[in-house]
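Undergrad: Below you'll find work.cif; it's mmCIF, C-alpha atoms.
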```
data_upload
#
loop_
_atom_site.label_atom_id
_atom_site.label_comp_id
_atom_site.auth_asym_id
_atom_site.auth_seq_id
_atom_site.Cartn_x
_atom_site.Cartn_y
_atom_site.Cartn_z
CA MET H 1 0.00 0.00 0.00
CA ASP H 2 1.01 3.61 -0.55
CA PHE H 3 1.23 5.38 2.78
CA SER H 4 2.71 8.62 1.40
CA GLU H 5 -0.39 10.71 2.18
CA LEU H 6 -0.46 9.49 5.75
CA LYS H 7 3.25 10.19 6.18
CA ALA H 8 2.71 13.73 4.92
CA ALA H 9 -0.15 14.17 7.38
CA LEU H 10 2.08 13.17 10.32
CA ALA H 11 4.59 15.92 9.60
CA ASP H 12 2.49 18.52 11.36
CA VAL H 13 1.19 19.64 14.75
CA VAL H 14 -0.32 16.41 16.03
CA ALA H 15 -3.07 17.57 18.38
CA ILE H 16 -3.91 15.44 21.42
CA PRO H 17 -7.46 16.47 22.36
CA VAL H 18 -8.72 16.41 25.93
CA THR H 19 -11.67 14.24 26.90
CA PRO H 20 -14.22 16.53 28.59
CA PHE H 21 -16.33 15.14 31.42
CA ALA H 22 -19.85 16.10 32.43
CA GLU H 23 -20.87 16.85 36.01
CA ASP H 24 -21.88 13.21 36.54
CA GLY H 25 -18.42 12.02 35.44
CA THR H 26 -19.43 10.66 32.03
CA ILE H 27 -17.94 11.88 28.77
CA ASP H 28 -19.54 15.17 27.73
CA THR H 29 -20.19 14.36 24.09
CA ALA H 30 -21.60 17.78 23.17
CA THR H 31 -18.56 19.57 24.59
CA HIS H 32 -16.25 17.06 22.92
CA ARG H 33 -17.75 18.03 19.56
CA VAL H 34 -17.41 21.75 20.33
CA LEU H 35 -13.75 21.36 21.30
CA MET H 36 -13.02 19.29 18.19
CA ARG H 37 -14.63 21.91 15.94
CA ARG H 38 -12.56 24.61 17.65
CA LEU H 39 -9.37 22.69 16.87
CA LEU H 40 -10.39 22.13 13.26
CA ASP H 41 -11.50 25.74 12.79
CA GLY H 42 -8.15 26.77 14.25
CA GLY H 43 -6.28 24.98 11.48
CA VAL H 44 -5.42 21.64 13.09
CA ARG H 45 -5.05 18.90 10.45
CA ILE H 46 -4.30 15.77 12.49
CA VAL H 47 -5.73 14.67 15.84
CA THR H 48 -5.04 11.81 18.26
CA PRO H 49 -8.11 10.76 20.22
CA ASN H 50 -7.26 8.54 23.19
CA GLY H 51 -3.84 10.07 23.71
CA ASN H 52 -2.38 10.75 27.14
CA THR H 53 -3.79 14.30 27.17
CA GLY H 54 -7.13 12.61 26.50
CA GLU H 55 -6.66 10.54 29.70
CA PHE H 56 -6.36 7.29 27.75
CA TYR H 57 -5.54 5.15 30.76
CA ALA H 58 -8.54 6.45 32.73
CA LEU H 59 -11.10 5.58 30.03
CA THR H 60 -13.08 2.36 29.79
CA PRO H 61 -13.08 0.36 26.53
CA ASP H 62 -16.54 1.69 25.64
CA GLU H 63 -15.44 5.25 26.37
CA ARG H 64 -12.36 4.91 24.18
CA ARG H 65 -14.52 3.74 21.32
CA LEU H 66 -16.98 6.58 21.87
CA VAL H 67 -14.13 9.11 21.76
CA THR H 68 -12.85 7.55 18.54
CA GLU H 69 -16.27 7.70 16.91
CA LEU H 70 -16.93 11.30 18.00
CA THR H 71 -13.55 12.39 16.67
CA VAL H 72 -13.89 10.64 13.32
CA GLU H 73 -17.34 12.14 12.83
CA GLU H 74 -16.18 15.69 13.48
CA ALA H 75 -12.87 15.36 11.62
CA ALA H 76 -14.39 13.86 8.47
CA GLY H 77 -12.85 15.56 5.46
CA ARG H 78 -11.04 18.10 7.61
CA ALA H 79 -8.30 16.23 9.52
CA THR H 80 -6.50 12.91 9.71
CA VAL H 81 -7.39 10.78 12.74
CA LEU H 82 -4.59 8.90 14.53
CA VAL H 83 -6.23 6.81 17.27
CA GLY H 84 -4.35 5.90 20.43
CA VAL H 85 -4.40 2.18 21.29
CA GLY H 86 -2.61 0.15 23.93
CA HIS H 87 -2.86 -2.08 27.02
CA ASP H 88 -2.54 -5.85 26.35
CA VAL H 89 -2.25 -7.09 22.77
CA PRO H 90 -5.87 -8.30 22.37
CA THR H 91 -7.20 -4.99 23.71
CA ALA H 92 -4.91 -2.95 21.48
CA VAL H 93 -5.85 -5.04 18.43
CA ALA H 94 -9.57 -4.73 19.20
CA ASP H 95 -9.27 -0.93 19.53
CA ALA H 96 -7.22 -0.71 16.34
CA GLU H 97 -9.78 -2.76 14.44
CA HIS H 98 -12.54 -0.56 15.83
CA ALA H 99 -10.61 2.54 14.71
CA ALA H 100 -10.37 1.14 11.20
CA GLY H 101 -14.07 0.33 11.14
CA ALA H 102 -14.92 3.81 12.41
CA GLY H 103 -13.01 5.43 9.57
CA ALA H 104 -9.66 6.35 11.13
CA THR H 105 -6.56 5.89 8.97
CA MET H 106 -3.79 5.56 11.57
CA VAL H 107 -3.19 4.28 15.08
CA MET H 108 -0.61 5.36 17.63
CA VAL H 109 0.51 2.51 19.86
CA HIS H 110 1.02 3.73 23.42
CA GLN H 111 4.21 2.87 25.19
CA PRO H 112 3.77 -0.58 26.81
CA VAL H 113 3.26 -0.21 30.56
CA HIS H 114 4.49 -3.70 31.43
CA PRO H 115 7.40 -3.41 33.91
CA TYR H 116 9.47 -6.01 32.07
CA ILE H 117 10.02 -5.20 28.41
CA ALA H 118 12.49 -7.09 26.25
CA GLN H 119 13.56 -5.31 23.09
CA GLU H 120 12.53 -8.32 21.02
CA GLY H 121 9.26 -8.40 22.96
CA TRP H 122 8.70 -4.75 22.06
CA VAL H 123 8.95 -5.77 18.40
CA ASP H 124 6.56 -8.69 18.94
CA TYR H 125 4.00 -6.47 20.69
CA HIS H 126 3.91 -3.86 17.95
CA ARG H 127 4.06 -6.44 15.19
CA ALA H 128 0.93 -8.18 16.48
CA ILE H 129 -0.97 -4.89 16.39
CA ALA H 130 0.37 -3.70 13.03
CA GLU H 131 -0.32 -7.03 11.33
CA ALA H 132 -3.92 -6.95 12.55
CA VAL H 133 -4.62 -3.68 10.70
CA PRO H 134 -2.38 -3.70 7.59
CA GLU H 135 -4.50 -0.99 5.98
CA LEU H 136 -3.76 1.51 8.77
CA GLY H 137 -0.63 3.54 9.29
CA VAL H 138 0.99 2.59 12.61
CA VAL H 139 2.96 4.98 14.81
CA PRO H 140 4.78 3.57 17.87
CA TYR H 141 4.99 5.93 20.85
CA ILE H 142 8.52 5.50 22.21
CA ARG H 143 9.46 6.60 25.73
CA ASN H 144 12.08 3.95 26.41
CA PRO H 145 15.63 5.37 26.12
CA GLN H 146 17.09 1.85 26.03
CA LEU H 147 15.27 0.79 22.86
CA ALA H 148 17.65 0.47 19.90
CA GLY H 149 16.88 2.03 16.55
CA GLU H 150 17.58 -1.29 14.89
CA ARG H 151 14.50 -2.75 16.62
CA LEU H 152 12.26 -0.20 14.94
CA ALA H 153 13.83 -1.02 11.57
CA GLU H 154 13.22 -4.71 12.26
CA LEU H 155 9.57 -3.99 13.02
CA ALA H 156 9.11 -2.01 9.81
CA ASP H 157 10.79 -4.73 7.77
CA ALA H 158 8.01 -7.06 8.89
CA CYS H 159 5.24 -4.43 8.86
CA PRO H 160 5.49 -1.77 6.13
CA ASN H 161 2.52 0.07 7.64
CA VAL H 162 4.78 1.21 10.49
CA ILE H 163 5.39 4.63 8.98
CA GLY H 164 6.20 7.06 11.78
CA VAL H 165 7.36 7.42 15.35
CA LYS H 166 6.25 9.57 18.26
CA TYR H 167 9.56 9.86 20.09
CA ALA H 168 9.28 11.11 23.66
CA VAL H 169 12.65 10.53 25.30
CA PRO H 170 13.89 13.88 26.72
CA ASP H 171 17.33 13.58 25.14
CA THR H 172 17.92 15.28 21.80
CA ALA H 173 21.22 13.50 21.15
CA ARG H 174 19.60 10.16 21.86
CA PHE H 175 16.77 11.00 19.47
CA GLY H 176 19.19 11.97 16.70
CA ALA H 177 21.10 8.71 17.08
CA PHE H 178 17.98 6.56 17.32
CA ALA H 179 16.46 8.12 14.20
CA ARG H 180 19.57 7.54 12.18
CA ASP H 181 20.02 3.98 13.43
CA ALA H 182 16.41 3.19 12.48
CA GLY H 183 16.42 5.12 9.21
CA LEU H 184 16.03 8.89 9.22
CA GLU H 185 14.30 9.04 5.83
CA ARG H 186 12.34 5.85 6.34
CA PHE H 187 9.96 7.17 8.99
CA VAL H 188 8.19 10.39 9.89
CA TRP H 189 9.68 11.58 13.16
CA VAL H 190 7.27 13.34 15.52
CA ALA H 191 8.68 15.12 18.56
CA GLY H 192 6.54 13.56 21.27
CA LEU H 193 7.39 15.99 24.05
CA ALA H 194 5.49 18.91 22.52
CA GLU H 195 6.51 22.52 21.96
CA LEU H 196 9.32 22.86 24.49
CA TYR H 197 11.30 20.09 22.76
CA ALA H 198 10.14 20.74 19.19
CA PRO H 199 12.93 23.16 18.13
CA SER H 200 15.75 20.88 19.28
CA TYR H 201 14.09 17.78 17.83
CA PHE H 202 13.47 19.51 14.50
CA ALA H 203 17.16 20.41 14.40
CA THR H 204 18.00 16.70 14.59
CA GLY H 205 15.39 15.26 12.22
CA ALA H 206 11.78 15.66 13.42
CA THR H 207 9.22 17.10 11.01
CA GLY H 208 6.21 17.18 13.33
CA PHE H 209 5.43 17.56 17.02
CA THR H 210 2.62 16.59 19.36
CA SER H 211 0.71 19.19 21.33
CA GLY H 212 -1.69 19.41 24.22
CA LEU H 213 -1.39 23.18 24.37
CA VAL H 214 -3.05 23.31 20.94
CA ASN H 215 -6.36 22.57 22.72
CA VAL H 216 -6.06 26.01 24.29
CA ALA H 217 -4.31 28.07 21.63
CA PRO H 218 -4.17 26.45 18.18
CA ALA H 219 -2.62 29.52 16.56
CA VAL H 220 0.33 29.48 18.97
CA SER H 221 1.28 25.89 18.12
CA LEU H 222 0.81 26.46 14.39
CA ASP H 223 3.01 29.56 14.58
CA MET H 224 5.81 27.42 15.97
CA LEU H 225 5.33 24.82 13.24
CA GLU H 226 5.46 27.46 10.52
CA ALA H 227 8.69 28.86 11.93
CA LEU H 228 10.30 25.43 12.24
CA ARG H 229 9.32 24.41 8.72
CA ALA H 230 11.01 27.55 7.44
CA GLY H 231 14.14 26.88 9.49
CA GLY H 232 13.37 29.98 11.55
CA TYR H 233 14.65 28.82 14.90
CA ALA H 234 14.83 32.34 16.33
CA ALA H 235 11.14 32.84 15.54
CA ALA H 236 10.29 29.40 16.93
CA MET H 237 12.08 30.26 20.15
CA LYS H 238 10.02 33.43 20.47
CA VAL H 239 6.96 31.18 20.61
CA TRP H 240 8.85 28.90 23.01
CA GLU H 241 9.43 31.84 25.35
CA ARG H 242 5.72 32.75 25.31
CA ILE H 243 4.58 29.29 26.35
CA ARG H 244 7.50 28.23 28.53
CA ARG H 245 5.89 28.81 31.92
CA PHE H 246 2.60 27.22 30.87
CA GLU H 247 4.41 24.08 29.75
CA GLU H 248 6.56 24.08 32.90
CA LEU H 249 3.38 24.06 34.97
CA ARG H 250 2.26 20.97 33.04
CA ALA H 251 5.61 19.29 33.67
CA GLU H 252 5.68 19.83 37.44
CA GLU H 253 5.92 16.78 39.69
CA GLN H 254 6.88 14.44 36.85
CA SER H 255 4.09 15.78 34.60
CA ALA H 256 1.39 15.18 37.23
CA ASN H 257 -0.44 18.26 35.93
CA ASN H 258 -0.02 17.56 32.22
CA VAL H 259 -3.75 17.22 31.59
CA THR H 260 -4.92 19.25 34.56
CA VAL H 261 -3.34 22.49 33.35
CA ILE H 262 -4.87 22.12 29.88
CA LYS H 263 -8.34 21.53 31.31
CA GLU H 264 -7.90 24.41 33.75
CA ALA H 265 -7.06 26.72 30.86
CA LEU H 266 -10.11 25.52 28.92
CA ALA H 267 -12.25 26.04 32.03
CA ALA H 268 -10.91 29.58 32.37
CA LEU H 269 -12.00 30.18 28.77
CA GLY H 270 -15.45 28.78 29.54
CA LEU H 271 -15.01 25.84 27.15
CA CYS H 272 -15.23 22.79 29.43
CA ARG H 273 -15.21 21.66 33.03
CA ARG H 274 -11.86 21.30 34.77
CA ASP H 275 -12.67 17.75 35.93
CA VAL H 276 -10.00 15.07 35.51
CA ARG H 277 -9.97 11.44 36.61
CA ALA H 278 -7.72 9.84 39.19
CA PRO H 279 -4.80 9.54 39.44
CA SER H 280 -4.78 13.13 38.11
CA ARG H 281 -6.22 15.92 40.30
CA VAL H 282 -7.54 19.42 39.70
CA LEU H 283 -5.20 22.31 40.46
CA PRO H 284 -5.16 24.18 43.77
CA GLU H 285 -6.53 27.74 43.69
CA ALA H 286 -3.12 29.43 43.47
CA ARG H 287 -2.14 27.43 40.40
CA ARG H 288 -5.53 28.07 38.80
CA ALA H 289 -4.90 31.79 38.99
CA GLU H 290 -1.47 31.37 37.45
CA VAL H 291 -2.88 29.38 34.53
CA ALA H 292 -5.54 32.04 33.94
CA GLY H 293 -2.83 34.69 33.98
CA GLN H 294 -0.74 32.81 31.48
CA ILE H 295 -3.48 32.43 28.89
CA ALA H 296 -4.61 36.03 29.40
CA GLU H 297 -1.24 37.08 27.98
CA TRP H 298 -1.96 35.17 24.77
CA SER H 299 -5.01 37.32 23.87
CA LEU H 300 -7.18 34.31 23.04
#
```
Show how you would write the structure in this file as structure tokens.
TA:
Amino acid sequence: MDFSELKAALADVVAIPVTPFAEDGTIDTATHRVLMRRLLDGGVRIVTPNGNTGEFYALTPDERRLVTELTVEEAAGRATVLVGVGHDVPTAVADAEHAAGAGATMVMVHQPVHPYIAQEGWVDYHRAIAEAVPELGVVPYIRNPQLAGERLAELADACPNVIGVKYAVPDTARFGAFARDAGLERFVWVAGLAELYAPSYFATGATGFTSGLVNVAPAVSLDMLEALRAGGYAAAMKVWERIRRFEELRAEEQSANNVTVIKEALAALGLCRRDVRAPSRVLPEARRAEVAGQIAEWSL
């Protein structure tokens, strides 16, 4: 199959939408649609339902499928849908097959959460998923600094639908080496640590980056992408400086507030409730005020 269109779609701001909850704790489907339309109207061209910013690990199987279906419906004809899948192999395969049936064209395979991961076992895990949906583009989400680039190449040799990588190891030199060991031109490299790492990862081979901040300020993320595509690192760093504190708040306490800060910002804008599911928690009052102050400076 020709995956060139999907590869082109990955080289972009890959938005990770939040999953809004209603007062009773269920998924707020009406608000989900509103937030998706806001992203699309803001220029977003690829979205990842069931990503970590969407609280993937806190959703039930039925909820994950609902989020997939809502996203595909709203994105139809306007954006590529890259559905997050994971957990055990049968669960990941079932979610990938559902994504294909719903109309998505790619899946992102979450980093395995098993405490004991052999490099060959990593290949086996992803191969089982990729072989189950040969018509879909497959994008491994890599957070393991020990994984060798040769393992990714081995996976793609067996599964040509493995077309890109979301690389989220906070080490630019390691990323550059991994990409070249796997095949720099063979895959689309997406900086998986969002805007704060995007400039350094683009300098070493990335052509896209993920974003949670894009839920709040699509234009800000797209401004950074435009600068990076043009090789304008000074301009990209101007954007970096604007969002630095906001992203640092998300990264506090080993990213405990990654989702919480995004939902707090959306709540401050009157777009959704701030509710998150355990083990995340809503922000204390002092931090809420700081988030509101940050986004006020962006003139949204």
Undergrad: Between H:Leu59, H:Ala9, H:Leu266, H:Val276, which has the minimum distance to Glu23 of chain H (counting only C-alpha atoms)?
TA: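 Nearest to Glu23 of chain H: H:Val276.
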Undergrad: Using the chain letters and numbers from the file, which residues does the PyMOL selection byres ((chain H and resi 217-223) around 8) grab, as a VMD selection string?
TA: chain H and resid 13 39 42 to 44 195 211 213 to 216 224 to 227 236 239 300
Undergrad: Separation of atom CA of Thr31 of chain H and atom CA of Val291 of chain H, in Å?
TA: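 Separating atom CA of Thr31 of chain H from atom CA of Val291 of chain H is a distance of 21.0 Å.
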Undergrad: Could you tell me which residues the PyMOL selection byres ((chain H and resi 271) around 12) grabs in this file, written as a list in words?
TA: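 Those residues are Val18, Pro20, Phe21, Asp28, Ala30, Thr31, His32, Arg33, Val34, Leu35, Met36, Arg37, Arg38, Asn215, Val216, Ile262, Lys263, Glu264, Ala265, Leu266, Ala267, Ala268, Leu269, Gly270, Cys272, Arg273 and Arg274 of chain H.
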Undergrad: For the selection you just gave me, I'd like the residues written to a file as a compact mmCIF listing (two decimals), in the frame of the given file, keeping C-alpha atoms.
TA:
```
# COMPACT_ATOMS: atom_id res chain seq x y z
CA VAL H 18 -8.72 16.41 25.93
CA PRO H 20 -14.22 16.53 28.59
CA PHE H 21 -16.33 15.14 31.42
CA ASP H 28 -19.54 15.17 27.73
CA ALA H 30 -21.60 17.78 23.17
CA THR H 31 -18.56 19.57 24.59
CA HIS H 32 -16.25 17.06 22.92
CA ARG H 33 -17.75 18.03 19.56
CA VAL H 34 -17.41 21.75 20.33
CA LEU H 35 -13.75 21.36 21.30
CA MET H 36 -13.02 19.29 18.19
CA ARG H 37 -14.63 21.91 15.94
CA ARG H 38 -12.56 24.61 17.65
CA ASN H 215 -6.36 22.57 22.72
CA VAL H 216 -6.06 26.01 24.29
CA ILE H 262 -4.87 22.12 29.88
CA LYS H 263 -8.34 21.53 31.31
CA GLU H 264 -7.90 24.41 33.75
CA ALA H 265 -7.06 26.72 30.86
CA LEU H 266 -10.11 25.52 28.92
CA ALA H 267 -12.25 26.04 32.03
CA ALA H 268 -10.91 29.58 32.37
CA LEU H 269 -12.00 30.18 28.77
CA GLY H 270 -15.45 28.78 29.54
CA CYS H 272 -15.23 22.79 29.43
CA ARG H 273 -15.21 21.66 33.03
CA ARG H 274 -11.86 21.30 34.77
```
Undergrad: Around all of segment 273-281 of chain H's listed atoms, make the axis-aligned box with 8 Å on each side and tell me centre and edge lengths in Å to one decimal, as lines of an AutoDock Vina configuration file.
TA:
```
center_x = -10.0
center_y = 15.6
center_z = 36.7
size_x = 26.4
size_y = 28.1
size_z = 23.3
```
Undergrad: Find the residues near segment 114-128 of chain H: any atom within 12 Å, counting only C-alpha atoms, skip ones fewer than 5 places away on the same chain, and give them as a PyMOL selection string.
TA: chain H and resi 85-94+96+107-109+133-134+138-162
Undergrad: Looking at H:Asn52, H:Asp24, H:Ala173, H:Pro112, which one is nearest to Ala256 of chain H, with distances taken over all atoms listed in the file?
TA: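 Under the stated criterion, the closest residue is H:Asn52.
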Undergrad: List the residues selected by the PyMOL selection byres ((chain H and resi 188) around 10) in the file shown, writing them as a list in words.
TA: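 Applied to this file, the PyMOL selection byres ((chain H and resi 188) around 10) selects Leu6, Lys7, Ala8, Ala9, Leu10, Ala11, Val139, Val162, Ile163, Gly164, Val165, Lys166, Ala179, Gly183, Leu184, Glu185, Arg186, Phe187, Trp189, Val190, Ala191, Gly205, Ala206, Thr207 and Gly208 of chain H.
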Undergrad: Taking into account all atoms listed in the file, which residue in the set H:Arg174, H:Arg245, H:Arg277, H:Arg78 is nearest to Arg45 of chain H?
TA: H:Arg78
Undergrad: Which of these, H:Pro17, H:Ala194, H:His110, H:Thr26, has the shortest distance to Thr68 of chain H once you count all atoms listed in the file?
TA: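 Of H:Pro17, H:Ala194, H:His110, H:Thr26, the one nearest Thr68 of chain H is H:Pro17, counting all atoms listed in the file.
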Undergrad: Excluding same-chain residues fewer than 3 positions from Thr204 of chain H, what lies within 8 Å of it counting only C-alpha atoms, as an mmCIF file with C-alpha atoms, in the frame of the given file?
TA:
```
data_model
loop_
_atom_site.group_PDB
_atom_site.id
_atom_site.type_symbol
_atom_site.label_atom_id
_atom_site.label_comp_id
_atom_site.auth_asym_id
_atom_site.auth_seq_id
_atom_site.Cartn_x
_atom_site.Cartn_y
_atom_site.Cartn_z
ATOM 1 C CA THR H 172 17.920 15.280 21.800
ATOM 2 C CA ALA H 173 21.220 13.500 21.150
ATOM 3 C CA PHE H 175 16.770 11.000 19.470
ATOM 4 C CA GLY H 176 19.190 11.970 16.700
ATOM 5 C CA SER H 200 15.750 20.880 19.280
ATOM 6 C CA TYR H 201 14.090 17.780 17.830
#
```
Undergrad: Do you have the atom CA of Ala168 of chain H-atom CA of Asp41 of chain H distance handy?
TA: 27.6 Å
Undergrad: Atom CA of Ala15 of chain H and atom CA of Gly54 of chain H, how far apart in Å?
TA: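 Going from atom CA of Gly54 of chain H over to atom CA of Ala15 of chain H, I get 10.3 Å.
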Undergrad: Identify which of the residues H:Glu97, H:Gly84, H:Arg180, H:Thr210 lies closest to Val14 of chain H, counting only C-alpha atoms when measuring atom-to-atom distances.
TA: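 Counting only C-alpha atoms, the residue closest to Val14 of chain H is H:Thr210.
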